[in-house]
file entry.cif (mmCIF, C-alpha atoms and all ligand atoms)
data_work
loop_
_atom_site.label_atom_id
_atom_site.label_comp_id
_atom_site.auth_asym_id
_atom_site.auth_seq_id
_atom_site.Cartn_x
_atom_site.Cartn_y
_atom_site.Cartn_z
CA MET X 1 59.87 168.25 65.52
CA SER X 2 60.19 171.79 66.71
CA LEU X 3 63.32 172.89 68.52
CA GLN X 4 63.07 174.91 71.71
CA LEU X 5 65.48 177.84 71.65
CA LYS X 6 66.71 180.01 74.50
CA VAL X 7 68.96 182.87 73.46
CA LEU X 8 72.24 182.97 75.42
CA HIS X 9 73.89 185.82 73.50
CA PRO X 10 72.10 188.06 70.97
CA GLU X 11 72.92 186.80 67.45
CA LEU X 12 75.72 184.45 68.60
CA ALA X 13 74.59 181.66 70.94
CA VAL X 14 71.40 179.78 71.72
CA GLU X 15 70.51 176.85 73.97
CA VAL X 16 68.64 174.15 72.05
CA GLY X 17 66.13 171.74 73.56
CA GLY X 18 63.58 169.35 72.13
CA VAL X 19 66.04 167.08 70.32
CA ASP X 20 67.84 163.84 71.27
CA LEU X 21 71.23 163.89 69.55
CA ARG X 22 71.63 160.12 70.04
CA GLN X 23 68.87 159.46 67.52
CA PRO X 24 69.28 159.80 63.74
CA LEU X 25 68.15 163.29 62.72
CA GLY X 26 65.04 163.54 60.60
CA GLY X 27 65.21 165.83 57.59
CA ASP X 28 63.04 168.47 59.27
CA THR X 29 65.17 168.54 62.42
CA LEU X 30 68.39 168.73 60.40
CA ALA X 31 67.02 171.63 58.36
CA GLU X 32 65.88 173.37 61.54
CA LEU X 33 69.31 172.98 63.14
CA GLN X 34 71.00 174.27 59.98
CA SER X 35 68.78 177.33 59.81
CA THR X 36 69.34 177.95 63.53
CA LEU X 37 73.12 177.74 62.94
CA ALA X 38 72.83 180.29 60.14
CA ARG X 39 71.38 182.76 62.62
CA TYR X 40 73.13 181.68 65.87
CA PRO X 41 76.49 180.05 65.05
CA VAL X 42 76.91 178.58 68.55
CA LEU X 43 74.41 175.95 69.77
CA VAL X 44 74.39 174.58 73.32
CA PHE X 45 72.70 171.27 74.19
CA HIS X 46 72.47 170.00 77.79
CA GLY X 47 72.16 166.43 79.03
CA GLN X 48 73.32 164.70 75.84
CA LYS X 49 75.43 161.71 76.84
CA LEU X 50 76.73 160.54 73.47
CA SER X 51 78.79 157.47 72.66
CA ASP X 52 81.62 158.13 70.22
CA ASP X 53 79.62 156.47 67.44
CA GLU X 54 76.57 158.63 68.21
CA HIS X 55 78.80 161.72 68.35
CA ALA X 56 80.29 160.91 64.93
CA ALA X 57 76.92 160.01 63.39
CA PHE X 58 75.33 163.28 64.56
CA THR X 59 78.28 165.27 63.20
CA ARG X 60 78.29 163.40 59.90
CA SER X 61 74.69 164.54 59.33
CA PHE X 62 76.17 167.96 58.58
CA GLY X 63 78.98 166.94 56.22
CA PRO X 64 82.12 164.85 55.73
CA ILE X 65 84.40 164.49 58.77
CA ASP X 66 87.55 166.60 59.10
CA ALA X 67 90.64 164.76 60.43
CA GLY X 68 92.21 167.91 61.93
CA LEU X 69 95.76 167.55 63.21
CA LEU X 70 95.60 163.75 62.96
CA LEU X 71 97.16 164.15 59.52
CA ALA X 72 100.35 165.28 61.24
CA SER X 73 100.39 162.86 64.16
CA LYS X 74 101.16 159.16 64.32
CA ARG X 75 100.03 159.05 67.94
CA LYS X 76 97.56 156.28 68.63
CA THR X 77 94.17 157.48 69.82
CA ARG X 78 92.48 155.84 72.83
CA LEU X 79 89.17 155.95 70.98
CA THR X 80 87.96 153.23 68.65
CA ASN X 81 86.03 155.67 66.47
CA THR X 82 88.79 157.61 64.69
CA ASP X 83 86.36 160.30 63.50
CA VAL X 84 86.29 161.58 67.09
CA ILE X 85 89.27 163.60 68.35
CA ASP X 86 90.33 162.86 71.93
CA LEU X 87 91.00 166.12 73.80
CA ALA X 88 91.54 164.52 77.22
CA ASN X 89 94.59 165.54 79.23
CA ILE X 90 95.34 161.91 80.12
CA ASP X 91 97.80 159.36 78.80
CA ALA X 92 97.15 155.84 77.49
CA ASP X 93 97.09 154.53 81.09
CA GLY X 94 94.48 157.04 82.18
CA LYS X 95 96.89 159.24 84.17
CA VAL X 96 96.75 163.04 83.96
CA LEU X 97 99.56 164.34 81.73
CA GLU X 98 102.40 166.27 83.37
CA ALA X 99 101.95 170.00 82.84
CA GLY X 100 105.15 170.12 80.76
CA ASN X 101 104.29 167.11 78.60
CA ALA X 102 104.79 167.97 74.92
CA ARG X 103 101.32 166.68 74.05
CA ASN X 104 99.89 169.14 76.52
CA VAL X 105 101.17 171.95 74.27
CA SER X 106 98.60 171.06 71.64
CA LEU X 107 95.85 170.99 74.28
CA LEU X 108 97.02 174.29 75.75
CA ALA X 109 97.15 175.86 72.27
CA ASN X 110 93.35 175.56 72.37
CA GLN X 111 93.48 178.45 74.84
CA LEU X 112 94.52 180.78 72.00
CA TRP X 113 91.76 182.27 69.83
CA HIS X 114 91.35 180.04 66.78
CA SER X 115 89.04 178.49 64.24
CA ASP X 116 89.39 174.68 64.11
CA SER X 117 91.40 173.42 61.13
CA SER X 118 91.74 176.87 59.54
CA PHE X 119 95.23 175.60 58.65
CA LYS X 120 93.83 172.98 56.26
CA SER X 121 92.20 172.88 52.88
CA PRO X 122 89.34 172.16 52.93
CA ARG X 123 88.89 173.94 56.25
CA ALA X 124 86.33 173.15 58.91
CA GLN X 125 82.65 174.03 58.94
CA TYR X 126 81.01 172.75 62.12
CA SER X 127 82.63 171.43 65.30
CA VAL X 128 80.71 169.37 67.85
CA LEU X 129 82.39 169.30 71.27
CA CYS X 130 81.20 166.91 73.99
CA GLY X 131 82.03 167.56 77.64
CA VAL X 132 82.66 164.08 79.06
CA ASP X 133 84.42 164.57 82.39
CA LEU X 134 85.13 168.13 83.45
CA PRO X 135 86.67 169.66 86.54
CA GLY X 136 84.23 171.70 88.59
CA ASP X 137 85.92 175.02 87.96
CA GLY X 138 87.84 176.67 85.12
CA GLY X 139 88.13 175.48 81.55
CA ASP X 140 85.22 177.50 80.18
CA THR X 141 85.11 177.94 76.40
CA GLU X 142 84.65 181.39 74.85
CA PHE X 143 83.27 182.10 71.38
CA ALA X 144 83.62 185.38 69.47
CA ASP X 145 81.22 186.41 66.68
CA GLN X 146 83.34 187.32 63.65
CA ARG X 147 80.34 188.61 61.64
CA ALA X 148 79.51 191.19 64.31
CA ALA X 149 83.22 192.00 64.60
CA TYR X 150 83.43 192.62 60.84
CA ASP X 151 80.28 194.78 60.87
CA ALA X 152 81.79 196.94 63.64
CA LEU X 153 85.04 197.68 61.77
CA PRO X 154 85.55 201.25 60.52
CA ASP X 155 84.93 201.60 56.78
CA ALA X 156 88.62 202.40 56.18
CA MET X 157 89.66 199.09 57.75
CA LYS X 158 87.01 197.20 55.77
CA ALA X 159 88.50 198.73 52.60
CA ARG X 160 92.07 197.93 53.69
CA ILE X 161 91.47 194.25 54.41
CA GLY X 162 88.77 193.53 51.81
CA SER X 163 91.06 191.75 49.37
CA LEU X 164 93.84 190.57 51.69
CA VAL X 165 94.73 186.89 51.94
CA ALA X 166 96.29 185.40 55.07
CA GLU X 167 98.49 182.35 55.45
CA HIS X 168 97.36 179.87 58.14
CA TRP X 169 99.84 177.33 59.55
CA ALA X 170 99.01 174.63 62.10
CA PHE X 171 102.27 174.90 63.97
CA HIS X 172 102.44 178.67 64.41
CA SER X 173 100.49 178.47 67.68
CA ARG X 174 102.46 175.44 68.90
CA ASN X 175 105.73 177.25 68.21
CA MET X 176 104.46 180.27 70.16
CA LEU X 177 104.04 177.97 73.16
CA GLY X 178 107.49 176.40 72.87
CA GLY X 179 106.89 173.62 70.35
CA ALA X 180 104.88 170.39 70.43
CA ASP X 181 105.62 166.73 69.68
CA PHE X 182 105.38 166.79 65.90
CA THR X 183 108.02 165.25 63.62
CA PRO X 184 109.33 167.06 60.50
CA GLU X 185 107.39 164.51 58.42
CA GLY X 186 104.22 165.22 60.38
CA MET X 187 104.66 168.95 59.95
CA ALA X 188 105.29 168.48 56.22
CA ALA X 189 101.88 166.77 55.99
CA LEU X 190 100.19 170.05 56.91
CA PRO X 191 101.79 172.84 54.86
CA PRO X 192 100.44 176.41 55.23
CA VAL X 193 97.22 177.32 53.40
CA ASP X 194 95.75 180.65 52.27
CA TRP X 195 92.33 182.08 53.11
CA PRO X 196 90.84 185.53 52.49
CA ILE X 197 90.64 187.62 55.67
CA VAL X 198 87.06 188.57 54.80
CA ASP X 199 84.60 185.85 53.82
CA THR X 200 80.85 185.64 53.21
CA ILE X 201 78.67 182.97 54.81
CA PRO X 202 76.41 181.63 52.04
CA GLU X 203 73.48 180.69 54.30
CA SER X 204 73.11 184.17 55.82
CA GLY X 205 74.86 186.35 53.24
CA ARG X 206 76.76 187.98 56.11
CA LYS X 207 80.38 189.02 55.81
CA THR X 208 82.78 187.72 58.44
CA LEU X 209 86.38 188.04 59.53
CA PHE X 210 88.44 184.86 59.19
CA ILE X 211 91.56 185.21 61.34
CA GLY X 212 92.92 183.69 64.57
CA VAL X 213 96.13 182.31 66.00
CA HIS X 214 96.89 180.06 63.03
CA THR X 215 97.49 183.13 60.83
CA ARG X 216 101.16 183.99 60.52
CA ALA X 217 101.43 186.11 57.35
CA ILE X 218 99.46 188.21 54.88
CA HIS X 219 100.35 188.02 51.21
CA GLY X 220 101.86 191.24 49.90
CA LEU X 221 102.74 192.66 53.34
CA PRO X 222 106.05 192.53 55.20
CA THR X 223 105.89 190.03 58.10
CA ALA X 224 106.01 192.64 60.86
CA GLU X 225 103.27 194.77 59.30
CA ALA X 226 101.14 191.69 58.67
CA ARG X 227 101.47 190.36 62.21
CA LEU X 228 100.68 193.74 63.76
CA LEU X 229 97.58 194.03 61.57
CA LEU X 230 96.52 190.48 62.50
CA MET X 231 97.02 191.27 66.20
CA ASP X 232 94.98 194.48 65.88
CA LEU X 233 92.18 192.63 64.10
CA LEU X 234 92.19 189.85 66.71
CA GLU X 235 92.04 192.37 69.54
CA HIS X 236 89.08 194.08 67.86
CA ALA X 237 87.34 190.80 67.04
CA THR X 238 87.44 189.41 70.57
CA GLN X 239 86.03 192.38 72.48
CA ARG X 240 83.60 191.38 75.21
CA GLN X 241 80.48 192.46 73.33
CA PHE X 242 81.22 189.85 70.64
CA VAL X 243 81.90 187.02 73.11
CA TYR X 244 79.76 184.26 74.64
CA ARG X 245 81.38 182.27 77.46
CA HIS X 246 80.24 178.68 77.96
CA VAL X 247 80.51 177.21 81.47
CA TRP X 248 80.61 173.44 81.05
CA ARG X 249 78.55 170.74 82.72
CA ASN X 250 79.18 167.06 82.04
CA ASP X 251 77.16 165.82 79.05
CA ASP X 252 76.95 169.25 77.45
CA VAL X 253 77.35 169.31 73.68
CA VAL X 254 78.39 172.58 72.07
CA MET X 255 78.29 172.98 68.30
CA TRP X 256 79.64 175.93 66.37
CA ASP X 257 80.33 177.29 62.89
CA ASN X 258 84.10 177.69 62.46
CA ARG X 259 83.63 179.92 59.41
CA CYS X 260 82.32 182.87 61.42
CA THR X 261 83.41 182.33 65.03
CA LEU X 262 86.67 182.12 66.92
CA HIS X 263 86.93 180.19 70.16
CA ARG X 264 89.37 179.52 72.96
CA GLY X 265 89.49 177.49 76.14
CA ARG X 266 90.15 179.24 79.42
CA PRO X 267 92.70 178.05 81.98
CA TYR X 268 92.01 175.08 84.26
CA ASP X 269 93.89 173.16 86.91
CA LEU X 270 96.42 171.10 84.94
CA THR X 271 96.59 168.49 87.71
CA LYS X 272 92.90 167.60 87.30
CA ARG X 273 91.48 165.23 84.73
CA ARG X 274 89.62 167.05 81.94
CA GLU X 275 88.04 165.12 79.13
CA LEU X 276 86.35 166.48 76.04
CA ARG X 277 85.88 164.96 72.60
CA ARG X 278 85.47 166.81 69.34
CA CYS X 279 84.16 165.85 65.93
CA THR X 280 84.28 168.32 63.04
CA THR X 281 82.99 168.60 59.48
CA GLU X 282 84.82 169.85 56.43
CA TYR X 283 83.55 172.92 54.60
CA ALA X 284 82.74 171.49 51.20
CA ALA X 285 82.59 174.90 49.50
CA ALA X 286 86.11 175.89 50.63
FE FE X 301 89.30 174.37 68.84
#
call {"tool": "encode", "arguments": {"input": "entry.cif", "output": "structure tokens", "more": "lines below"}}
Ligand SMILES: [Fe+2]
result
Amino acid sequence: MSLQLKVLHPELAVEVGGVDLRQPLGGDTLAELQSTLARYPVLVFHGQKLSDDEHAAFTRSFGPIDAGLLLASKRKTRLTNTDVIDLANIDADGKVLEAGNARNVSLLANQLWHSDSSFKSPRAQYSVLCGVDLPGDGGDTEFADQRAAYDALPDAMKARIGSLVAEHWAFHSRNMLGGADFTPEGMAALPPVDWPIVDTIPESGRKTLFIGVHTRAIHGLPTAEARLLLMDLLEHATQRQFVYRHVWRNDDVVMWDNRCTLHRGRPYDLTKRRELRRCTTEYAAA
């Protein structure tokens, strides 16, 4: 099979046709998708209505499944396939959550620039996000190319950050938004982890920044200096020229490489139902 590619953003995002994600991937198609991801770390597929089992099976083709924040939450999922993370803003009875609902904080934290599961070890490699039921306006998802952002840094900054290691913590973003519904035991299940600020993607050999809202400290730097540096880097890394903005249609599937992109949701009407589901792989080499 040969994929049909339409470039959406130079080097960052491409629309992919010529593949049915409901079917098991043949070895050639899998290799073609992997090599496409090495060049364009955001893939967009239209018209792919996946069941949860099909969603999980497609994702599992690329590696073992990452449990994300489920490690810290005892909340029961509505979904029978526990490999798939429910990102719907509705409760167990199907009603839209109140805007101030504590669970909404975790959903709203997705509007801050982040890399999925950067707060875990192993961290995430690929995420596969399915748009199931989306409001007609708002709620776009933006992606920022962290390889291009690294390349564009001044040499002095590259030298300054080249050996720095940042601490990522799952609850830093939630605390910024006023706190979410996690117990002390749940929070203890996800202690902070360390990752170098500059990484290299093995498939492409390209260097990349690895930052985002889960970073709260840099080893060897005072907290204030570290946070100012992280804010400066994030501002640099999310300039418009590095960003692709995805406008959702129902049955879109968007797949991305968390090792070299940041992403964030954009605001939407909190009174409207919005349903997406995500499945993510672990980065075996991390
Ligand atoms: Fe995310």
call {"tool": "closest_residue", "arguments": {"input": "entry.cif", "among": "X:Leu270, X:Ala159, X:Val128, X:Ala149", "to": "ligand FE 301 (chain X)", "atoms": "only C-alpha atoms and all ligand atoms"}}
result
X:Val128
call {"tool": "closest_atom_pairs", "arguments": {"input": "entry.cif", "of": "chain X", "to": "ligand FE 301 (chain X)", "cutoff": "8 Å", "atoms": "all atoms listed in the file", "output": "CSV"}}
result
residue,atom,partner,partner_atom,distance
X:Asn110,CA,X:FE301,FE,5.5
X:His114,CA,X:FE301,FE,6.4
X:Ser115,CA,X:FE301,FE,6.2
X:Asp116,CA,X:FE301,FE,4.7
X:His263,CA,X:FE301,FE,6.4
X:Arg264,CA,X:FE301,FE,6.6
X:Gly265,CA,X:FE301,FE,7.9
call {"tool": "closest_residue", "arguments": {"input": "entry.cif", "among": "X:Met176, X:Val165, X:Trp113, X:Gly186", "to": "X:Gly220", "atoms": "all atoms listed in the file"}}
result
X:Val165
call {"tool": "axis_aligned_box", "arguments": {"input": "entry.cif", "around": "stretch 49-61 of chain X", "padding_each_side": "5 Å", "output": "lines of an AutoDock Vina configuration file"}}
result
center_x = 78.2
center_y = 160.9
center_z = 68.1
size_x = 16.9
size_y = 18.8
size_z = 27.5
call {"tool": "closest_residue", "arguments": {"input": "entry.cif", "among": "X:Leu134, X:Val7, X:Ile65, X:Ala109", "to": "X:Tyr268", "atoms": "only C-alpha atoms"}}
result
X:Leu134
call {"tool": "closest_residue", "arguments": {"input": "entry.cif", "among": "X:Asn89, X:Thr200, X:Ser106, X:Thr271", "to": "X:Gly179", "atoms": "only C-alpha atoms"}}
result
X:Ser106
call {"tool": "closest_residue", "arguments": {"input": "entry.cif", "among": "X:Ser163, X:Thr36, X:Thr223, X:Thr141", "to": "X:Leu5", "atoms": "all atoms listed in the file"}}
result
X:Thr36
call {"tool": "atom_distance", "arguments": {"input": "entry.cif", "atom1": "atom CA of X:Arg245", "atom2": "atom CA of X:Ser61"}}
result
26.2 Å
call {"tool": "residues_around", "arguments": {"input": "entry.cif", "residues": "X:Val243", "least_positions_apart": "5", "cutoff": "8 Å", "atoms": "all atoms listed in the file", "output": "ChimeraX atom specification"}}
result
/X:142-145,238
call {"tool": "closest_residue", "arguments": {"input": "entry.cif", "among": "X:Leu177, X:Ile211, X:Ile201, X:Ala237", "to": "X:Gly100", "atoms": "only C-alpha atoms"}}
result
X:Leu177
call {"tool": "atom_distance", "arguments": {"input": "entry.cif", "atom1": "atom CA of X:Ala67", "atom2": "atom CA of X:Val105"}}
result
18.8 Å
call {"tool": "residues_around", "arguments": {"input": "entry.cif", "residues": "X:Thr208", "least_positions_apart": "4", "cutoff": "9 Å", "atoms": "only C-alpha atoms", "output": "short mmCIF file (atom, residue, chain, number, x, y, z; two decimals) with C-alpha atoms, keeping the file's coordinate frame"}}
result
data_model
loop_
_atom_site.label_atom_id
_atom_site.label_comp_id
_atom_site.auth_asym_id
_atom_site.auth_seq_id
_atom_site.Cartn_x
_atom_site.Cartn_y
_atom_site.Cartn_z
CA ASP X 145 81.22 186.41 66.68
CA GLN X 146 83.34 187.32 63.65
CA ARG X 147 80.34 188.61 61.64
CA ALA X 148 79.51 191.19 64.31
CA ALA X 149 83.22 192.00 64.60
CA TYR X 150 83.43 192.62 60.84
CA ASP X 151 80.28 194.78 60.87
CA ILE X 197 90.64 187.62 55.67
CA VAL X 198 87.06 188.57 54.80
CA ASP X 199 84.60 185.85 53.82
CA THR X 200 80.85 185.64 53.21
CA ILE X 201 78.67 182.97 54.81
CA ARG X 259 83.63 179.92 59.41
CA CYS X 260 82.32 182.87 61.42
CA THR X 261 83.41 182.33 65.03
#
call {"tool": "residues_around", "arguments": {"input": "entry.cif", "residues": "stretch 17-24 of chain X", "least_positions_apart": "6", "cutoff": "12 Å", "atoms": "only C-alpha atoms", "output": "ChimeraX atom specification"}}
result
/X:1-7,30,32-33,43-62,128,130,251-255
call {"tool": "write_last_selection", "arguments": {"input": "entry.cif", "atoms": "C-alpha atoms", "output": "PDB file, in the coordinates of the input"}}
result
ATOM      1  CA  MET X   1      59.870 168.250  65.520  1.00  0.00           C
ATOM      2  CA  SER X   2      60.190 171.790  66.710  1.00  0.00           C
ATOM      3  CA  LEU X   3      63.320 172.890  68.520  1.00  0.00           C
ATOM      4  CA  GLN X   4      63.070 174.910  71.710  1.00  0.00           C
ATOM      5  CA  LEU X   5      65.480 177.840  71.650  1.00  0.00           C
ATOM      6  CA  LYS X   6      66.710 180.010  74.500  1.00  0.00           C
ATOM      7  CA  VAL X   7      68.960 182.870  73.460  1.00  0.00           C
ATOM      8  CA  LEU X  30      68.390 168.730  60.400  1.00  0.00           C
ATOM      9  CA  GLU X  32      65.880 173.370  61.540  1.00  0.00           C
ATOM     10  CA  LEU X  33      69.310 172.980  63.140  1.00  0.00           C
ATOM     11  CA  LEU X  43      74.410 175.950  69.770  1.00  0.00           C
ATOM     12  CA  VAL X  44      74.390 174.580  73.320  1.00  0.00           C
ATOM     13  CA  PHE X  45      72.700 171.270  74.190  1.00  0.00           C
ATOM     14  CA  HIS X  46      72.470 170.000  77.790  1.00  0.00           C
ATOM     15  CA  GLY X  47      72.160 166.430  79.030  1.00  0.00           C
ATOM     16  CA  GLN X  48      73.320 164.700  75.840  1.00  0.00           C
ATOM     17  CA  LYS X  49      75.430 161.710  76.840  1.00  0.00           C
ATOM     18  CA  LEU X  50      76.730 160.540  73.470  1.00  0.00           C
ATOM     19  CA  SER X  51      78.790 157.470  72.660  1.00  0.00           C
ATOM     20  CA  ASP X  52      81.620 158.130  70.220  1.00  0.00           C
ATOM     21  CA  ASP X  53      79.620 156.470  67.440  1.00  0.00           C
ATOM     22  CA  GLU X  54      76.570 158.630  68.210  1.00  0.00           C
ATOM     23  CA  HIS X  55      78.800 161.720  68.350  1.00  0.00           C
ATOM     24  CA  ALA X  56      80.290 160.910  64.930  1.00  0.00           C
ATOM     25  CA  ALA X  57      76.920 160.010  63.390  1.00  0.00           C
ATOM     26  CA  PHE X  58      75.330 163.280  64.560  1.00  0.00           C
ATOM     27  CA  THR X  59      78.280 165.270  63.200  1.00  0.00           C
ATOM     28  CA  ARG X  60      78.290 163.400  59.900  1.00  0.00           C
ATOM     29  CA  SER X  61      74.690 164.540  59.330  1.00  0.00           C
ATOM     30  CA  PHE X  62      76.170 167.960  58.580  1.00  0.00           C
ATOM     31  CA  VAL X 128      80.710 169.370  67.850  1.00  0.00           C
ATOM     32  CA  CYS X 130      81.200 166.910  73.990  1.00  0.00           C
ATOM     33  CA  ASP X 251      77.160 165.820  79.050  1.00  0.00           C
ATOM     34  CA  ASP X 252      76.950 169.250  77.450  1.00  0.00           C
ATOM     35  CA  VAL X 253      77.350 169.310  73.680  1.00  0.00           C
ATOM     36  CA  VAL X 254      78.390 172.580  72.070  1.00  0.00           C
ATOM     37  CA  MET X 255      78.290 172.980  68.300  1.00  0.00           C
TER      38      MET X 255
END
call {"tool": "atom_distance", "arguments": {"input": "entry.cif", "atom1": "atom CA of X:Ala152", "atom2": "atom CA of X:Tyr244"}}
result
16.9 Å
